[in-house]
Amino acid sequence: MREYIFGANILENLTTGMYQDSKVIYREYIQNACDQIDKAYNMGLLKSNEGRIDIWLDAEKRTVSIEDNATGICTADFERTLADIANSDKKLGEDKGFRGIGRLCGLAYCKELIFTSTAAGEDVVSIMRCDALKMRELINASENGKKYTASEVLRNIYVFDYEKTTEKDLHWFKVEMIGINDENTDMLDFAQIKEYLSFIAPVPYQNTFIFRTEVEKHARLIGYHIDEYMIALNGEPIFKKYTTNFKTSKGEDEVFNIAFKEIYDSHNNLLAWLWIGVSRFKAVISRDCKMRGIRLRKENIQIGSEDALQKLFKEDRGHHYFIGEVFAVSKDLIPNSQRDYFNENATRVEFEREMRRYFNSELSKIYREGSDINSAFNKLDNYERKEAEFQEKKKRGDFVDENHLKSAVEEVKKAEEAAQKAASDIEKKKLKAETEQDFVVSQVITHIVEKRTKQKPVKKQELIQNTQQPLKKRRVDIKLSAYNKNERKLISKIFGIILESTDEKTAEMIIQKIEDKLQ
């Protein structure tokens, strides 16, 4: 039987062509390290919370190393484990990684990739060096006519070595990328990598996120364990950077509570569960807020970008009203090879159907109700501001003529009518919040109302009822008193024409400039 050949280009697909973002290599190697830490716990090599992953960046030397204190790899298995491709011993549904291809991803971003390891009880440190430059040369040569198989390329770039050690009790594994490519310098940017890991990696919530204990408590309640690991970048521990305060397109907002939801399939099996931050939902969360969006996670490692679930909302903006996380539970929700979403299967179809139903009914209602009541209060604020401005203008004598006065009164009356309707809507929503069983919507409405009642209430003052009553003194009589009566009458007429010809803001600017020149 003919032996089938995998050409050299398959290696390009598994390295250079595998990922669009070079930072993904951190996720891949962290994922592998976490699997080994879990095994070290099960084997008794580590006690609870002893496992750790250390990442070191050296921008000057252009190196990256990722090291764990898990099981390590014994000498007998070292070459087979690392040299073979897609021949992993990991099990689907049990391990975070299972395809056996992720370890090669570093070859795309450096000149040399080195794996080093030792296992407990052994006196040997095993070393595998991979010549990434040579790999790319052979792949290019293969594309230009000189054909190489994938096996031939690997045999040319792999070098194995073994060194004696006296530290038999140690067990660890290290990945080193030497000579990071010039075009991948962002991999050496400490701030950028820390930000990336703060949401991608399976790390604990930072202490300043006051709802972390509630998330952990709910996970225990439904029998779910949130995998968390000690991961440090250049010695600095990494935490999920969730906070309670954030910016929206209409100002500051805050998470004052959190809500939970379990997602089940048609057979009542738990597919996923999630938490969302409950805020005032004033507006869409600002793009520069790194925690915005409901993030998708499997084994507490983020799947895709922050917008992986946005497509399940009818309105794109809906996703950006929220902060939260979805934890995929079902073993049949399988991350694809690029880990940017799940493989297509019947379970994914059910997951998407139930998530769409929740997003476009319950969540849509939450942010719409929040938006509506915030809008109602804004109308009260608008009336108060316009009425105060009117009174101040009247007091200063800013009105040019009777028409100007009448126009201003009508504008304030419109704002008053809108405010009265808004006040009525607020009362209806308050009553609705007290009687309905929609817990989250009730929380939002109650919180907004309580927050507002602590502020200074709107004071409604009486408007001028007789708009036909002549002004006691026109603006020109106050500010241009040096001119005679006929001159002031002409200037006032000019001001009136300006007011009729443009918007009030522009008219005020023009009138002010004329006054400055004439004074």
# chains A, B, ... in the order shown; residues from 1 in each chain; ligands from 1
call {"tool": "residues_around", "arguments": {"residues": "Leu197 (chain A)", "least_positions_apart": "6", "cutoff": "9 Å", "atoms": "only C-alpha atoms", "output": "PyMOL selection string"}}
result
chain A and resi 26-27+203+238-240
call {"tool": "write_last_selection", "arguments": {"atoms": "N, CA, C and O atoms", "output": "JSON list (two decimals), in the first residue's frame"}}
result
[["chain", "number", "residue", "atom", "x", "y", "z"],
["A", 26, "TYR", "N", 1.00, 32.63, 23.64],
["A", 26, "TYR", "CA", 0.96, 32.59, 25.10],
["A", 26, "TYR", "C", -0.20, 31.73, 25.58],
["A", 26, "TYR", "O", -0.06, 30.92, 26.50],
["A", 27, "ARG", "N", -1.35, 31.89, 24.93],
["A", 27, "ARG", "CA", -2.51, 31.08, 25.29],
["A", 27, "ARG", "C", -2.24, 29.60, 25.05],
["A", 27, "ARG", "O", -2.58, 28.75, 25.87],
["A", 203, "VAL", "N", -6.87, 32.80, 35.18],
["A", 203, "VAL", "CA", -6.31, 33.34, 36.42],
["A", 203, "VAL", "C", -7.44, 33.82, 37.33],
["A", 203, "VAL", "O", -8.57, 34.00, 36.88],
["A", 238, "ILE", "N", -0.59, 37.73, 37.47],
["A", 238, "ILE", "CA", -1.64, 38.15, 36.55],
["A", 238, "ILE", "C", -3.00, 37.83, 37.16],
["A", 238, "ILE", "O", -3.21, 36.75, 37.71],
["A", 239, "PHE", "N", -3.94, 38.79, 37.07],
["A", 239, "PHE", "CA", -5.30, 38.59, 37.54],
["A", 239, "PHE", "C", -6.27, 39.07, 36.47],
["A", 239, "PHE", "O", -5.93, 39.91, 35.63],
["A", 240, "LYS", "N", -7.50, 38.54, 36.50],
["A", 240, "LYS", "CA", -8.54, 39.06, 35.62],
["A", 240, "LYS", "C", -8.85, 40.48, 36.04],
["A", 240, "LYS", "O", -9.20, 40.74, 37.19]]
call {"tool": "select_by_dssp", "arguments": {"residues": "region 56-92 of chain A", "states": "alpha helix (DSSP H)", "output": "list in words"}}
result
Thr75, Ala76, Asp77, Phe78, Glu79, Arg80, Thr81, Leu82 and Ala83 of chain A
call {"tool": "write_last_selection", "arguments": {"atoms": "C-alpha atoms", "output": "compact mmCIF listing (two decimals), in the first residue's frame"}}
result
# COMPACT_ATOMS: atom_id res chain seq x y z
CA THR A 75 13.39 11.02 29.20
CA ALA A 76 11.82 7.91 27.68
CA ASP A 77 8.79 9.85 26.40
CA PHE A 78 10.45 13.18 25.61
CA GLU A 79 11.19 12.76 21.89
CA ARG A 80 7.92 11.00 21.05
CA THR A 81 5.84 13.54 22.98
CA LEU A 82 7.41 16.61 21.41
CA ALA A 83 8.50 15.47 17.97
call {"tool": "closest_residue", "arguments": {"among": "A:Val476, A:Ile426, A:Ala283, A:Val412", "to": "Leu518 (chain A)", "atoms": "only C-alpha atoms"}}
result
A:Val476
call {"tool": "atom_distance", "arguments": {"atom1": "CA of Glu67 (chain A)", "atom2": "CA of Phe173 (chain A)"}}
result
5.7 Å
call {"tool": "select_by_dssp", "arguments": {"residues": "region 301-473 of chain A", "states": "strand (DSSP E or B)", "output": "ChimeraX atom specification"}}
result
/A:301-302,323-328,335,342
call {"tool": "closest_residue", "arguments": {"among": "A:Ile258, A:Leu11, A:Ile497, A:Val284", "to": "Leu154 (chain A)", "atoms": "only C-alpha atoms"}}
result
A:Leu11
call {"tool": "residues_around", "arguments": {"residues": "Lys217 (chain A)", "least_positions_apart": "6", "cutoff": "12 Å", "atoms": "only C-alpha atoms", "output": "number ranges by chain"}}
result
A: 211, 223-226, 260, 275
call {"tool": "closest_residue", "arguments": {"among": "A:Ala141, A:Ile200, A:Ile303, A:Leu274", "to": "Lys290 (chain A)", "atoms": "only C-alpha atoms"}}
result
A:Ile200
call {"tool": "closest_residue", "arguments": {"among": "A:Asn156, A:Ser361, A:Asn336, A:Gln31", "to": "Gly318 (chain A)", "atoms": "only C-alpha atoms"}}
result
A:Ser361
call {"tool": "closest_residue", "arguments": {"among": "A:Arg220, A:Lys61, A:Lys413, A:His320", "to": "Lys386 (chain A)", "atoms": "only C-alpha atoms"}}
result
A:Lys413
call {"tool": "atom_distance", "arguments": {"atom1": "CA of Ile66 (chain A)", "atom2": "CA of Val175 (chain A)"}}
result
5.2 Å
call {"tool": "closest_residue", "arguments": {"among": "A:Asp340, A:Asp307, A:Asp516, A:Glu183", "to": "Gly324 (chain A)", "atoms": "only C-alpha atoms"}}
result
A:Asp307
call {"tool": "atom_distance", "arguments": {"atom1": "CA of Asn269 (chain A)", "atom2": "CA of Lys314 (chain A)"}}
result
25.7 Å
call {"tool": "residues_around", "arguments": {"residues": "Ile494 (chain A)", "least_positions_apart": "2", "cutoff": "12 Å", "atoms": "only C-alpha atoms", "output": "PyMOL selection string"}}
result
chain A and resi 400-401+476+487-492+496-501+507+510-511+514-515
call {"tool": "write_last_selection", "arguments": {"atoms": "N, CA, C and O atoms", "output": "mmCIF file, in the first residue's frame"}}
result
data_model
loop_
_atom_site.group_PDB
_atom_site.id
_atom_site.type_symbol
_atom_site.label_atom_id
_atom_site.label_comp_id
_atom_site.auth_asym_id
_atom_site.auth_seq_id
_atom_site.Cartn_x
_atom_site.Cartn_y
_atom_site.Cartn_z
ATOM 1 N N VAL A 400 -33.899 90.029 23.047
ATOM 2 C CA VAL A 400 -33.794 91.122 22.079
ATOM 3 C C VAL A 400 -35.117 91.839 21.906
ATOM 4 O O VAL A 400 -35.186 93.071 21.849
ATOM 5 N N ASP A 401 -36.200 91.047 21.784
ATOM 6 C CA ASP A 401 -37.523 91.637 21.579
ATOM 7 C C ASP A 401 -38.589 90.651 22.074
ATOM 8 O O ASP A 401 -38.260 89.565 22.602
ATOM 9 N N VAL A 476 -30.651 95.760 24.022
ATOM 10 C CA VAL A 476 -29.869 96.915 23.544
ATOM 11 C C VAL A 476 -29.951 98.088 24.516
ATOM 12 O O VAL A 476 -29.022 98.897 24.606
ATOM 13 N N GLU A 487 -31.317 104.649 17.187
ATOM 14 C CA GLU A 487 -30.196 103.760 16.889
ATOM 15 C C GLU A 487 -30.385 102.397 17.564
ATOM 16 O O GLU A 487 -30.149 101.347 16.957
ATOM 17 N N ARG A 488 -30.827 102.448 18.842
ATOM 18 C CA ARG A 488 -31.057 101.192 19.563
ATOM 19 C C ARG A 488 -32.186 100.399 18.912
ATOM 20 O O ARG A 488 -32.145 99.170 18.853
ATOM 21 N N LYS A 489 -33.201 101.112 18.418
ATOM 22 C CA LYS A 489 -34.321 100.445 17.758
ATOM 23 C C LYS A 489 -33.850 99.725 16.487
ATOM 24 O O LYS A 489 -34.260 98.583 16.215
ATOM 25 N N LEU A 490 -32.956 100.357 15.728
ATOM 26 C CA LEU A 490 -32.423 99.752 14.506
ATOM 27 C C LEU A 490 -31.555 98.537 14.842
ATOM 28 O O LEU A 490 -31.681 97.471 14.209
ATOM 29 N N ILE A 491 -30.694 98.694 15.847
ATOM 30 C CA ILE A 491 -29.815 97.579 16.245
ATOM 31 C C ILE A 491 -30.649 96.391 16.730
ATOM 32 O O ILE A 491 -30.379 95.230 16.402
ATOM 33 N N SER A 492 -31.700 96.704 17.488
ATOM 34 C CA SER A 492 -32.580 95.648 17.996
ATOM 35 C C SER A 492 -33.250 94.903 16.851
ATOM 36 O O SER A 492 -33.404 93.673 16.878
ATOM 37 N N GLY A 496 -32.978 90.966 15.858
ATOM 38 C CA GLY A 496 -34.149 90.120 15.617
ATOM 39 C C GLY A 496 -34.029 89.342 14.315
ATOM 40 O O GLY A 496 -34.396 88.162 14.241
ATOM 41 N N ILE A 497 -33.523 89.993 13.270
ATOM 42 C CA ILE A 497 -33.324 89.333 11.975
ATOM 43 C C ILE A 497 -32.306 88.203 12.103
ATOM 44 O O ILE A 497 -32.487 87.111 11.543
ATOM 45 N N ILE A 498 -31.250 88.471 12.859
ATOM 46 C CA ILE A 498 -30.208 87.440 13.081
ATOM 47 C C ILE A 498 -30.815 86.228 13.771
ATOM 48 O O ILE A 498 -30.554 85.072 13.398
ATOM 49 N N LEU A 499 -31.646 86.489 14.779
ATOM 50 C CA LEU A 499 -32.288 85.391 15.511
ATOM 51 C C LEU A 499 -33.214 84.573 14.623
ATOM 52 O O LEU A 499 -33.322 83.355 14.761
ATOM 53 N N GLU A 500 -33.873 85.216 13.691
ATOM 54 C CA GLU A 500 -34.782 84.517 12.785
ATOM 55 C C GLU A 500 -34.036 83.725 11.709
ATOM 56 O O GLU A 500 -34.559 82.763 11.158
ATOM 57 N N SER A 501 -32.798 84.106 11.438
ATOM 58 C CA SER A 501 -32.066 83.556 10.294
ATOM 59 C C SER A 501 -31.183 82.366 10.639
ATOM 60 O O SER A 501 -30.745 81.640 9.727
ATOM 61 N N ALA A 507 -26.658 82.650 16.585
ATOM 62 C CA ALA A 507 -27.165 84.023 16.690
ATOM 63 C C ALA A 507 -26.556 84.737 17.883
ATOM 64 O O ALA A 507 -26.155 85.910 17.786
ATOM 65 N N ILE A 510 -23.011 85.831 17.127
ATOM 66 C CA ILE A 510 -22.956 86.988 16.221
ATOM 67 C C ILE A 510 -23.355 88.265 16.959
ATOM 68 O O ILE A 510 -22.689 89.309 16.838
ATOM 69 N N ILE A 511 -24.440 88.169 17.722
ATOM 70 C CA ILE A 511 -24.926 89.339 18.471
ATOM 71 C C ILE A 511 -23.877 89.803 19.472
ATOM 72 O O ILE A 511 -23.638 91.009 19.630
ATOM 73 N N ILE A 514 -21.179 91.705 17.695
ATOM 74 C CA ILE A 514 -21.646 93.041 17.322
ATOM 75 C C ILE A 514 -21.628 93.960 18.538
ATOM 76 O O ILE A 514 -21.175 95.118 18.470
ATOM 77 N N GLU A 515 -22.107 93.451 19.662
ATOM 78 C CA GLU A 515 -22.124 94.248 20.902
ATOM 79 C C GLU A 515 -20.716 94.658 21.315
ATOM 80 O O GLU A 515 -20.479 95.800 21.732
#
call {"tool": "residues_around", "arguments": {"residues": "Ile210 (chain A)", "least_positions_apart": "5", "cutoff": "10 Å", "atoms": "only C-alpha atoms", "output": "JSON, numbers by chain"}}
result
{"A": [205, 215, 242, 243, 244, 255, 256, 257]}
call {"tool": "residues_around", "arguments": {"residues": "Ile366 (chain A)", "least_positions_apart": "4", "cutoff": "9 Å", "atoms": "only C-alpha atoms", "output": "list in words"}}
result
Phe281, Ser361, Glu362, Gly370, Ser371, Val440, Val441 and Val444 of chain A
call {"tool": "write_last_selection", "arguments": {"atoms": "N, CA, C and O atoms", "output": "compact mmCIF listing (two decimals), in the first residue's frame"}}
result
# COMPACT_ATOMS: atom_id res chain seq x y z
N PHE A 281 -26.93 50.85 32.91
CA PHE A 281 -27.09 50.71 31.46
C PHE A 281 -27.38 52.06 30.81
O PHE A 281 -28.31 52.21 30.04
N SER A 361 -34.06 38.38 24.41
CA SER A 361 -35.28 38.58 25.20
C SER A 361 -34.92 39.24 26.52
O SER A 361 -35.15 40.44 26.72
N GLU A 362 -34.30 38.48 27.40
CA GLU A 362 -34.00 39.01 28.75
C GLU A 362 -32.97 40.13 28.73
O GLU A 362 -33.19 41.19 29.30
N GLY A 370 -33.25 50.02 30.99
CA GLY A 370 -32.27 50.92 31.60
C GLY A 370 -32.08 52.17 30.77
O GLY A 370 -32.05 53.29 31.30
N SER A 371 -31.99 51.99 29.45
CA SER A 371 -31.83 53.14 28.55
C SER A 371 -33.04 54.06 28.62
O SER A 371 -32.90 55.29 28.65
N VAL A 440 -33.89 41.28 37.46
CA VAL A 440 -32.79 42.15 37.04
C VAL A 440 -33.32 43.51 36.60
O VAL A 440 -32.78 44.55 36.99
N VAL A 441 -34.37 43.52 35.79
CA VAL A 441 -34.96 44.79 35.35
C VAL A 441 -35.42 45.60 36.56
O VAL A 441 -35.21 46.81 36.64
N VAL A 444 -32.45 47.22 38.20
CA VAL A 444 -31.94 48.36 37.43
C VAL A 444 -32.80 49.59 37.67
O VAL A 444 -32.30 50.67 37.99
call {"tool": "residues_around", "arguments": {"residues": "Ala120 (chain A)", "least_positions_apart": "5", "cutoff": "6 Å", "atoms": "only C-alpha atoms", "output": "list in words"}}
result
Lys168, Asp169, Leu170 and His171 of chain A
call {"tool": "decode", "arguments": {"residues": "region 204-351 of chain A", "atoms": "C-alpha atoms", "output": "mmCIF file, in the first residue's frame"}}
result
data_model
loop_
_atom_site.group_PDB
_atom_site.id
_atom_site.type_symbol
_atom_site.label_atom_id
_atom_site.label_comp_id
_atom_site.auth_asym_id
_atom_site.auth_seq_id
_atom_site.Cartn_x
_atom_site.Cartn_y
_atom_site.Cartn_z
ATOM 1 C CA PRO A 204 -8.189 34.544 39.548
ATOM 2 C CA TYR A 205 -10.176 37.780 39.654
ATOM 3 C CA GLN A 206 -8.303 40.728 41.128
ATOM 4 C CA ASN A 207 -9.189 41.554 44.723
ATOM 5 C CA THR A 208 -10.707 44.910 43.800
ATOM 6 C CA PHE A 209 -13.506 43.137 41.912
ATOM 7 C CA ILE A 210 -15.915 42.957 44.843
ATOM 8 C CA PHE A 211 -18.241 40.419 43.196
ATOM 9 C CA ARG A 212 -15.588 37.735 42.715
ATOM 10 C CA THR A 213 -16.763 35.772 45.763
ATOM 11 C CA GLU A 214 -20.327 35.746 44.445
ATOM 12 C CA VAL A 215 -19.158 34.338 41.102
ATOM 13 C CA GLU A 216 -17.157 31.632 42.882
ATOM 14 C CA LYS A 217 -20.060 30.865 45.225
ATOM 15 C CA HIS A 218 -22.488 30.456 42.324
ATOM 16 C CA ALA A 219 -20.056 28.151 40.512
ATOM 17 C CA ARG A 220 -19.875 25.917 43.578
ATOM 18 C CA LEU A 221 -23.672 25.998 43.902
ATOM 19 C CA ILE A 222 -24.135 24.494 40.430
ATOM 20 C CA GLY A 223 -21.227 22.078 40.874
ATOM 21 C CA TYR A 224 -18.802 23.814 38.529
ATOM 22 C CA HIS A 225 -15.119 24.305 39.305
ATOM 23 C CA ILE A 226 -13.515 27.449 37.889
ATOM 24 C CA ASP A 227 -9.954 26.500 36.935
ATOM 25 C CA GLU A 228 -7.529 29.130 38.223
ATOM 26 C CA TYR A 229 -3.736 29.065 38.085
ATOM 27 C CA MET A 230 -0.874 31.162 39.373
ATOM 28 C CA ILE A 231 0.578 32.873 36.303
ATOM 29 C CA ALA A 232 3.244 35.552 36.542
ATOM 30 C CA LEU A 233 4.719 37.831 33.881
ATOM 31 C CA ASN A 234 8.295 38.880 34.680
ATOM 32 C CA GLY A 235 7.511 38.021 38.306
ATOM 33 C CA GLU A 236 4.269 40.040 38.437
ATOM 34 C CA PRO A 237 1.119 37.965 39.150
ATOM 35 C CA ILE A 238 -1.645 38.146 36.550
ATOM 36 C CA PHE A 239 -5.304 38.588 37.541
ATOM 37 C CA LYS A 240 -8.539 39.056 35.618
ATOM 38 C CA LYS A 241 -8.903 42.827 35.412
ATOM 39 C CA TYR A 242 -12.578 43.182 36.225
ATOM 40 C CA THR A 243 -13.650 46.265 38.161
ATOM 41 C CA THR A 244 -16.994 47.836 39.041
ATOM 42 C CA ASN A 245 -16.468 51.234 37.394
ATOM 43 C CA PHE A 246 -16.348 51.927 33.678
ATOM 44 C CA LYS A 247 -17.039 54.601 31.064
ATOM 45 C CA THR A 248 -19.905 54.681 28.592
ATOM 46 C CA SER A 249 -20.616 56.941 25.634
ATOM 47 C CA LYS A 250 -22.755 58.999 28.049
ATOM 48 C CA GLY A 251 -20.507 59.172 31.084
ATOM 49 C CA GLU A 252 -19.488 57.021 34.036
ATOM 50 C CA ASP A 253 -21.403 53.937 35.109
ATOM 51 C CA GLU A 254 -20.836 51.174 37.638
ATOM 52 C CA VAL A 255 -21.669 47.530 38.307
ATOM 53 C CA PHE A 256 -23.772 47.565 41.488
ATOM 54 C CA ASN A 257 -24.756 43.889 41.391
ATOM 55 C CA ILE A 258 -24.384 40.756 39.278
ATOM 56 C CA ALA A 259 -26.902 38.288 37.871
ATOM 57 C CA PHE A 260 -26.520 34.636 36.858
ATOM 58 C CA LYS A 261 -28.065 32.418 34.201
ATOM 59 C CA GLU A 262 -27.748 28.707 33.387
ATOM 60 C CA ILE A 263 -28.152 27.527 29.787
ATOM 61 C CA TYR A 264 -29.611 24.036 29.271
ATOM 62 C CA ASP A 265 -30.155 21.865 26.203
ATOM 63 C CA SER A 266 -33.427 20.204 25.238
ATOM 64 C CA HIS A 267 -32.620 17.251 27.537
ATOM 65 C CA ASN A 268 -32.025 19.552 30.511
ATOM 66 C CA ASN A 269 -28.244 19.071 30.407
ATOM 67 C CA LEU A 270 -26.195 22.084 31.457
ATOM 68 C CA LEU A 271 -24.489 23.589 28.415
ATOM 69 C CA ALA A 272 -23.076 26.735 29.996
ATOM 70 C CA TRP A 273 -23.621 29.302 32.702
ATOM 71 C CA LEU A 274 -22.869 32.993 32.862
ATOM 72 C CA TRP A 275 -22.738 36.099 34.990
ATOM 73 C CA ILE A 276 -23.412 39.666 33.904
ATOM 74 C CA GLY A 277 -22.725 42.928 35.687
ATOM 75 C CA VAL A 278 -25.901 44.840 36.564
ATOM 76 C CA SER A 279 -25.411 48.570 36.026
ATOM 77 C CA ARG A 280 -27.534 51.602 35.157
ATOM 78 C CA PHE A 281 -27.087 50.706 31.463
ATOM 79 C CA LYS A 282 -26.700 54.389 30.650
ATOM 80 C CA ALA A 283 -25.265 53.689 27.210
ATOM 81 C CA VAL A 284 -22.901 51.479 25.220
ATOM 82 C CA ILE A 285 -19.659 50.856 27.117
ATOM 83 C CA SER A 286 -16.681 52.769 25.702
ATOM 84 C CA ARG A 287 -14.417 50.900 23.309
ATOM 85 C CA ASP A 288 -11.348 51.642 25.434
ATOM 86 C CA CYS A 289 -12.889 49.733 28.361
ATOM 87 C CA LYS A 290 -10.964 46.443 28.093
ATOM 88 C CA MET A 291 -13.531 44.399 30.041
ATOM 89 C CA ARG A 292 -16.574 45.297 27.934
ATOM 90 C CA GLY A 293 -18.594 42.522 26.326
ATOM 91 C CA ILE A 294 -19.715 39.091 27.487
ATOM 92 C CA ARG A 295 -16.645 36.910 27.033
ATOM 93 C CA LEU A 296 -16.779 33.220 26.133
ATOM 94 C CA ARG A 297 -14.612 30.814 28.134
ATOM 95 C CA LYS A 298 -13.894 27.073 28.193
ATOM 96 C CA GLU A 299 -11.959 25.686 31.163
ATOM 97 C CA ASN A 300 -11.659 29.378 32.098
ATOM 98 C CA ILE A 301 -9.545 30.128 28.990
ATOM 99 C CA GLN A 302 -11.072 32.740 26.713
ATOM 100 C CA ILE A 303 -12.429 31.551 23.384
ATOM 101 C CA GLY A 304 -11.864 34.026 20.561
ATOM 102 C CA SER A 305 -11.936 37.773 21.141
ATOM 103 C CA GLU A 306 -14.138 39.809 23.465
ATOM 104 C CA ASP A 307 -16.750 39.851 20.684
ATOM 105 C CA ALA A 308 -16.993 36.091 20.109
ATOM 106 C CA LEU A 309 -20.687 36.129 21.128
ATOM 107 C CA GLN A 310 -21.681 39.433 19.535
ATOM 108 C CA LYS A 311 -23.153 37.677 16.501
ATOM 109 C CA LEU A 312 -25.834 36.126 18.738
ATOM 110 C CA PHE A 313 -27.359 39.552 19.494
ATOM 111 C CA LYS A 314 -29.888 40.987 17.050
ATOM 112 C CA GLU A 315 -28.338 44.407 17.643
ATOM 113 C CA ASP A 316 -24.545 44.660 17.613
ATOM 114 C CA ARG A 317 -24.744 47.379 20.250
ATOM 115 C CA GLY A 318 -26.549 45.019 22.639
ATOM 116 C CA HIS A 319 -23.364 43.108 23.391
ATOM 117 C CA HIS A 320 -21.529 46.291 24.326
ATOM 118 C CA TYR A 321 -23.963 47.273 27.067
ATOM 119 C CA PHE A 322 -22.691 44.385 29.178
ATOM 120 C CA ILE A 323 -19.751 43.100 31.158
ATOM 121 C CA GLY A 324 -19.665 39.398 31.963
ATOM 122 C CA GLU A 325 -18.492 35.867 31.202
ATOM 123 C CA VAL A 326 -20.014 32.715 29.729
ATOM 124 C CA PHE A 327 -18.448 29.483 31.006
ATOM 125 C CA ALA A 328 -18.994 26.639 28.537
ATOM 126 C CA VAL A 329 -19.596 23.413 30.505
ATOM 127 C CA SER A 330 -20.594 20.711 28.029
ATOM 128 C CA LYS A 331 -17.718 18.505 26.856
ATOM 129 C CA ASP A 332 -19.327 18.613 23.409
ATOM 130 C CA LEU A 333 -18.661 22.346 23.121
ATOM 131 C CA ILE A 334 -15.234 21.768 21.602
ATOM 132 C CA PRO A 335 -12.904 24.685 20.820
ATOM 133 C CA ASN A 336 -11.713 24.645 17.215
ATOM 134 C CA SER A 337 -8.017 24.407 16.343
ATOM 135 C CA GLN A 338 -7.607 28.197 16.382
ATOM 136 C CA ARG A 339 -9.615 28.415 19.592
ATOM 137 C CA ASP A 340 -11.648 31.339 18.297
ATOM 138 C CA TYR A 341 -14.976 29.485 18.574
ATOM 139 C CA PHE A 342 -16.468 25.994 18.885
ATOM 140 C CA ASN A 343 -16.538 23.191 16.327
ATOM 141 C CA GLU A 344 -19.844 22.925 14.532
ATOM 142 C CA ASN A 345 -22.015 20.131 15.925
ATOM 143 C CA ALA A 346 -25.502 19.566 17.356
ATOM 144 C CA THR A 347 -24.486 20.810 20.805
ATOM 145 C CA ARG A 348 -23.158 24.081 19.409
ATOM 146 C CA VAL A 349 -26.433 24.588 17.537
ATOM 147 C CA GLU A 350 -28.400 24.145 20.776
ATOM 148 C CA PHE A 351 -25.991 26.409 22.650
#
